[in-house]
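Shown next: structure.cif, given as mmCIF, C-alpha atoms and all ligand atoms.
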data_coords
#
loop_
_atom_site.label_atom_id
_atom_site.label_comp_id
_atom_site.auth_asym_id
_atom_site.auth_seq_id
_atom_site.Cartn_x
_atom_site.Cartn_y
_atom_site.Cartn_z
CA MET A 1 -0.48 28.91 -12.56
CA SER A 2 1.95 31.60 -13.67
CA ALA A 3 0.34 34.37 -11.65
CA VAL A 4 1.98 35.59 -8.45
CA PHE A 5 0.13 34.81 -5.23
CA SER A 6 0.84 36.44 -1.89
CA GLY A 7 0.38 35.23 1.64
CA GLY A 8 1.88 35.14 5.09
CA CYS A 9 1.44 34.34 8.72
CA GLN A 10 -1.27 35.51 11.06
CA CYS A 11 0.79 38.24 12.75
CA GLY A 12 2.37 39.60 9.55
CA ALA A 13 6.02 39.07 10.55
CA VAL A 14 6.51 36.64 7.64
CA ARG A 15 5.12 37.31 4.14
CA PHE A 16 5.75 35.55 0.85
CA GLN A 17 4.99 35.64 -2.84
CA ALA A 18 4.91 32.49 -4.96
CA SER A 19 4.30 31.55 -8.57
CA ASP A 20 4.36 28.53 -10.88
CA LEU A 21 2.40 26.60 -8.28
CA GLY A 22 1.60 22.94 -8.76
CA ARG A 23 -1.32 20.75 -7.78
CA PRO A 24 -2.98 21.67 -4.47
CA SER A 25 -3.25 18.71 -2.11
CA ILE A 26 -4.16 17.61 1.35
CA CYS A 27 -2.03 15.11 3.31
CA HIS A 28 -3.28 12.90 6.10
CA CYS A 29 0.12 11.78 7.43
CA ARG A 30 0.85 12.11 11.14
CA MET A 31 3.61 14.67 10.57
CA CYS A 32 1.23 16.94 8.68
CA GLN A 33 -1.42 16.58 11.37
CA LYS A 34 1.10 17.61 13.99
CA ALA A 35 2.70 20.42 11.97
CA PHE A 36 -0.68 22.00 11.25
CA GLY A 37 -2.26 21.14 14.61
CA GLY A 38 -5.10 19.85 12.50
CA PHE A 39 -6.59 16.78 10.87
CA PHE A 40 -4.57 17.07 7.64
CA SER A 41 -2.32 19.54 5.86
CA VAL A 42 -3.47 21.71 2.96
CA ALA A 43 -0.61 22.71 0.69
CA VAL A 44 0.56 23.70 -2.77
CA GLY A 45 4.16 23.63 -3.98
CA THR A 46 6.65 25.10 -6.37
CA ASP A 47 10.42 25.15 -6.75
CA ALA A 48 12.48 27.32 -4.41
CA ALA A 49 13.21 29.86 -7.16
CA HIS A 50 9.51 30.75 -7.35
CA VAL A 51 9.11 31.63 -3.66
CA THR A 52 10.16 35.06 -2.37
CA TRP A 53 10.04 35.86 1.34
CA THR A 54 8.94 39.49 1.13
CA ARG A 55 9.00 40.14 4.90
CA GLY A 56 10.91 38.06 7.41
CA GLU A 57 11.54 34.37 6.90
CA PRO A 58 10.06 31.26 8.46
CA SER A 59 11.83 29.48 11.29
CA LEU A 60 12.64 25.90 10.35
CA PHE A 61 12.30 22.61 12.19
CA GLU A 62 13.92 19.55 10.59
CA THR A 63 11.25 16.84 10.75
CA SER A 64 13.27 14.23 8.84
CA GLU A 65 16.54 14.19 6.93
CA ASN A 66 16.72 17.26 4.68
CA VAL A 67 13.04 18.05 5.22
CA PHE A 68 12.16 21.19 7.13
CA ARG A 69 8.84 22.62 8.29
CA GLY A 70 8.66 26.42 8.29
CA PHE A 71 6.58 28.51 10.69
CA CYS A 72 6.42 32.04 12.04
CA HIS A 73 8.51 32.30 15.20
CA LYS A 74 6.25 35.07 16.54
CA CYS A 75 2.75 33.70 15.99
CA GLY A 76 3.31 30.04 15.10
CA THR A 77 1.46 29.93 11.79
CA PRO A 78 2.55 26.85 9.79
CA LEU A 79 3.84 28.25 6.51
CA SER A 80 6.02 25.89 4.54
CA TYR A 81 7.59 22.51 3.88
CA HIS A 82 11.10 22.61 2.45
CA HIS A 83 12.56 19.60 0.63
CA ASP A 84 15.14 18.98 -2.08
CA GLY A 85 12.51 19.42 -4.79
CA GLY A 86 11.24 22.79 -3.63
CA ILE A 87 8.95 24.50 -1.18
CA VAL A 88 5.35 23.61 -0.38
CA LEU A 89 3.23 26.41 1.09
CA SER A 90 0.23 26.18 3.42
CA ILE A 91 -2.91 26.98 1.46
CA GLY A 92 -4.59 28.62 4.43
CA ALA A 93 -1.70 31.09 4.70
CA PHE A 94 -2.32 32.52 1.23
CA ASP A 95 -4.26 35.78 1.05
CA ASN A 96 -6.82 34.09 -1.20
CA PRO A 97 -6.94 30.40 -0.27
CA LYS A 98 -10.00 29.90 -2.43
CA ASN A 99 -7.63 29.86 -5.43
CA PHE A 100 -6.31 26.48 -4.35
CA GLU A 101 -8.96 23.78 -4.23
CA PRO A 102 -7.16 20.55 -3.31
CA GLN A 103 -7.06 18.09 -6.20
CA VAL A 104 -5.60 15.01 -4.49
CA GLN A 105 -5.26 13.39 -1.06
CA LEU A 106 -1.88 12.05 0.05
CA ASN A 107 -1.39 9.32 2.64
CA HIS A 108 -5.09 8.51 2.39
CA GLY A 109 -4.59 5.35 4.45
CA LYS A 110 -3.41 7.43 7.39
CA ARG A 111 -6.53 9.57 7.62
CA LEU A 112 -8.40 9.86 10.90
CA PRO A 113 -11.15 7.24 11.14
CA TRP A 114 -14.04 9.73 11.12
CA ILE A 115 -12.63 12.19 8.58
CA ASP A 116 -14.92 11.11 5.73
CA GLN A 117 -17.97 12.13 7.79
CA LEU A 118 -16.52 15.46 8.92
CA PHE A 119 -18.73 17.71 6.84
CA GLU A 120 -21.89 15.78 7.56
CA LYS A 121 -21.90 17.35 11.02
CA PRO A 122 -24.59 19.95 11.69
CA ALA A 123 -23.65 23.60 11.20
CA VAL A 124 -24.38 25.47 14.42
CA THR A 125 -25.12 29.17 14.45
CA SER A 126 -27.39 31.71 16.09
CA PRO A 127 -27.96 35.48 15.88
CA GLU A 128 -26.19 35.81 19.25
CA MET A 129 -23.11 33.96 18.01
CA GLU A 130 -23.10 35.99 14.79
CA ALA A 131 -23.18 39.21 16.83
CA VAL A 132 -20.26 38.08 18.99
CA PHE A 133 -18.15 37.20 15.93
CA ALA A 134 -19.09 40.44 14.19
CA ALA A 135 -17.93 42.49 17.18
CA VAL A 136 -14.44 40.95 17.29
CA GLU A 137 -11.62 43.34 16.48
CA SER A 138 -9.03 41.37 14.55
CA TYR A 139 -5.31 41.89 15.14
CA GLN A 140 -4.53 39.56 12.28
CA HIS A 141 -2.53 40.85 9.31
CA PRO A 142 -4.92 41.71 6.45
CA ASP A 143 -5.18 39.48 3.37
CA HIS A 144 -2.95 41.64 1.18
CA ASP A 145 0.63 42.90 1.14
CA THR A 146 1.31 45.93 3.35
CA ALA A 147 4.13 48.46 3.19
CA GLU A 148 4.48 48.44 6.94
CA TRP A 149 3.16 46.16 9.68
CA PRO A 150 2.02 46.71 12.33
CA PRO A 151 0.88 50.12 11.10
CA GLU A 152 2.34 53.15 12.90
CA THR A 153 -0.13 54.41 15.45
CA SER A 154 -0.52 58.14 15.63
CA VAL A 155 -0.48 59.65 19.14
ZN ZN B 201 3.54 35.55 12.44
ZN ZN B 202 1.98 14.69 5.18
#

Structure translated into structure tokens:
Amino acid sequence: MSAVFSGGCQCGAVRFQASDLGRPSICHCRMCQKAFGGFFSVAVGTDAAHVTWTRGEPSLFETSENVFRGFCHKCGTPLSYHHDGGIVLSIGAFDNPKNFEPQVQLNHGKRLPWIDQLFEKPAVTSPEMEAVFAAVESYQHPDHDTAEWPPETSV
């Protein structure tokens, strides 16, 4: 993948561009569960030279020796995993996460006991729920780079 892909946190304080990305993966380890507040991490990596922080920078928490997890200090979005070999970026933080279908599972033995049945659960929806979601005004940064964020509001 030689193309340049952009992404960032939910509030827009931290934005990045990355290229030369490797194999997208999910990881079931306990540290990834905790760092993402989820059931597994979803990530794709490259070397540090191919990541540019175009607005702000992630705050870092050292989770083990010389390994740091990066997140937005304003909104908390998990953004990155920094290690000696490079930087791994959260797939969900990219502007177009559909570009990165995970190809492998890491720490498969650590997965939650019901994870393999996760998507067998019934999908629940209704016209009322759809209407509620449709009426939500999002304050989230849009899925593309912006010259200025938040936008200046005219009085
Ligand atoms: Zn943020
Ligand atoms: Zn992990």

Residue among A:Gly38, A:Gly76, A:Ala13, A:Gly92 lying closest to Glu57 (chain A), counting all atoms listed in the file: A:Ala13

Might you pull out every residue within 6 Å of Ser41 (chain A), with all atoms listed in the file counted and same-chain residues fewer than 3 positions away left off, and present them as a VMD selection string? chain A and resid 26 to 27 32

Exercise answer, 6 Å around ligand ZN 201 (chain B) with only C-alpha atoms and all ligand atoms, as a PDB file with C-alpha atoms, keeping the file's coordinate frame:
ATOM      1  CA  CYS A   9       1.440  34.340   8.720  1.00  0.00           C
ATOM      2  CA  GLN A  10      -1.270  35.510  11.060  1.00  0.00           C
ATOM      3  CA  CYS A  11       0.790  38.240  12.750  1.00  0.00           C
ATOM      4  CA  GLY A  12       2.370  39.600   9.550  1.00  0.00           C
ATOM      5  CA  ALA A  13       6.020  39.070  10.550  1.00  0.00           C
ATOM      6  CA  VAL A  14       6.510  36.640   7.640  1.00  0.00           C
ATOM      7  CA  CYS A  72       6.420  32.040  12.040  1.00  0.00           C
ATOM      8  CA  LYS A  74       6.250  35.070  16.540  1.00  0.00           C
ATOM      9  CA  CYS A  75       2.750  33.700  15.990  1.00  0.00           C
TER      10      CYS A  75
END

Within 10 Å of ligand ZN 202 (chain B), which residues of chain A show up? Give each one with its shortest atom-to-atom distance in Å (one decimal) and the two atoms involved, counting only C-alpha atoms and all ligand atoms, rows by chain then rising residue number, as a Markdown table.
| residue | atom | partner | partner_atom | distance |
| --- | --- | --- | --- | --- |
| A:Ser25 | CA | B:ZN202 | ZN | 9.8 |
| A:Ile26 | CA | B:ZN202 | ZN | 7.8 |
| A:Cys27 | CA | B:ZN202 | ZN | 4.4 |
| A:His28 | CA | B:ZN202 | ZN | 5.6 |
| A:Cys29 | CA | B:ZN202 | ZN | 4.1 |
| A:Arg30 | CA | B:ZN202 | ZN | 6.6 |
| A:Met31 | CA | B:ZN202 | ZN | 5.6 |
| A:Cys32 | CA | B:ZN202 | ZN | 4.2 |
| A:Gln33 | CA | B:ZN202 | ZN | 7.3 |
| A:Lys34 | CA | B:ZN202 | ZN | 9.3 |
| A:Ala35 | CA | B:ZN202 | ZN | 8.9 |
| A:Phe36 | CA | B:ZN202 | ZN | 9.9 |
| A:Phe40 | CA | B:ZN202 | ZN | 7.4 |
| A:Ser41 | CA | B:ZN202 | ZN | 6.5 |
| A:Val42 | CA | B:ZN202 | ZN | 9.2 |
| A:Ala43 | CA | B:ZN202 | ZN | 9.5 |
| A:Tyr81 | CA | B:ZN202 | ZN | 9.7 |
| A:Gln105 | CA | B:ZN202 | ZN | 9.6 |
| A:Leu106 | CA | B:ZN202 | ZN | 6.9 |
| A:Asn107 | CA | B:ZN202 | ZN | 6.8 |
| A:His108 | CA | B:ZN202 | ZN | 9.8 |
| A:Lys110 | CA | B:ZN202 | ZN | 9.3 |

Let's have the selection written as a compact mmCIF listing (two decimals), in the coordinates of the input, with C-alpha atoms.
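Written out: again01.txt:
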# COMPACT_ATOMS: atom_id res chain seq x y z
CA SER A 25 -3.25 18.71 -2.11
CA ILE A 26 -4.16 17.61 1.35
CA CYS A 27 -2.03 15.11 3.31
CA HIS A 28 -3.28 12.90 6.10
CA CYS A 29 0.12 11.78 7.43
CA ARG A 30 0.85 12.11 11.14
CA MET A 31 3.61 14.67 10.57
CA CYS A 32 1.23 16.94 8.68
CA GLN A 33 -1.42 16.58 11.37
CA LYS A 34 1.10 17.61 13.99
CA ALA A 35 2.70 20.42 11.97
CA PHE A 36 -0.68 22.00 11.25
CA PHE A 40 -4.57 17.07 7.64
CA SER A 41 -2.32 19.54 5.86
CA VAL A 42 -3.47 21.71 2.96
CA ALA A 43 -0.61 22.71 0.69
CA TYR A 81 7.59 22.51 3.88
CA GLN A 105 -5.26 13.39 -1.06
CA LEU A 106 -1.88 12.05 0.05
CA ASN A 107 -1.39 9.32 2.64
CA HIS A 108 -5.09 8.51 2.39
CA LYS A 110 -3.41 7.43 7.39

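Taking CA of Ser138 (chain A) as the reference point, CA of Pro151 (chain A) is found at 13.7 Å.
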
Protein and nucleic acid residues near (11.5, 29.1, -7.6) (cut-off 10 Å, only C-alpha atoms) as a VMD selection string: chain A and resid 18 to 21 45 to 52 86 to 87

For the residues in the current selection, export C-alpha atoms as a JSON list (two decimals), in the coordinates of the input.
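As written to disk, selection.json reads:
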[["chain", "number", "residue", "atom", "x", "y", "z"],
["A", 18, "ALA", "CA", 4.91, 32.49, -4.96],
["A", 19, "SER", "CA", 4.30, 31.55, -8.57],
["A", 20, "ASP", "CA", 4.36, 28.53, -10.88],
["A", 21, "LEU", "CA", 2.40, 26.60, -8.28],
["A", 45, "GLY", "CA", 4.16, 23.63, -3.98],
["A", 46, "THR", "CA", 6.65, 25.10, -6.37],
["A", 47, "ASP", "CA", 10.42, 25.15, -6.75],
["A", 48, "ALA", "CA", 12.48, 27.32, -4.41],
["A", 49, "ALA", "CA", 13.21, 29.86, -7.16],
["A", 50, "HIS", "CA", 9.51, 30.75, -7.35],
["A", 51, "VAL", "CA", 9.11, 31.63, -3.66],
["A", 52, "THR", "CA", 10.16, 35.06, -2.37],
["A", 86, "GLY", "CA", 11.24, 22.79, -3.63],
["A", 87, "ILE", "CA", 8.95, 24.50, -1.18]]

Of the candidates A:Thr63, A:Tyr139, A:Gly109, A:Trp53, which one gets nearest to Leu89 (chain A) if we count all atoms listed in the file?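 Going through A:Thr63, A:Tyr139, A:Gly109, A:Trp53 one by one, the smallest distance to Leu89 (chain A) is for A:Trp53.
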
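For the set A:His83, A:Arg23, A:Arg111, A:Arg55, the residue with the smallest atom-to-atom gap to Gly7 (chain A) is A:Arg55, counting only C-alpha atoms.
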
Compare A:Gly8, A:Gly37, A:Pro150, A:Gly70 by their minimum atom-to-atom distance to Val88 (chain A), counting all atoms listed in the file, and give me the closest one.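 Ranked by minimum distance to Val88 (chain A), first place goes to A:Gly70.
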
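Distances to Phe61 (chain A) were evaluated for A:Ser80, A:Gly85, A:Gln117, A:Val44 using all atoms listed in the file, and the minimum falls at A:Ser80.
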
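Between CA of Phe100 (chain A) and CA of Ser59 (chain A) the separation is 24.1 Å.
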
Each side padded by 5 Å, which centre and which edge lengths in Å (one decimal) define the axis-aligned box around the listed atoms of region 148-152 of chain A? Give them as lines of an AutoDock Vina configuration file.
center_x = 2.7
center_y = 49.7
center_z = 9.9
size_x = 13.6
size_y = 17.0
size_z = 16.0
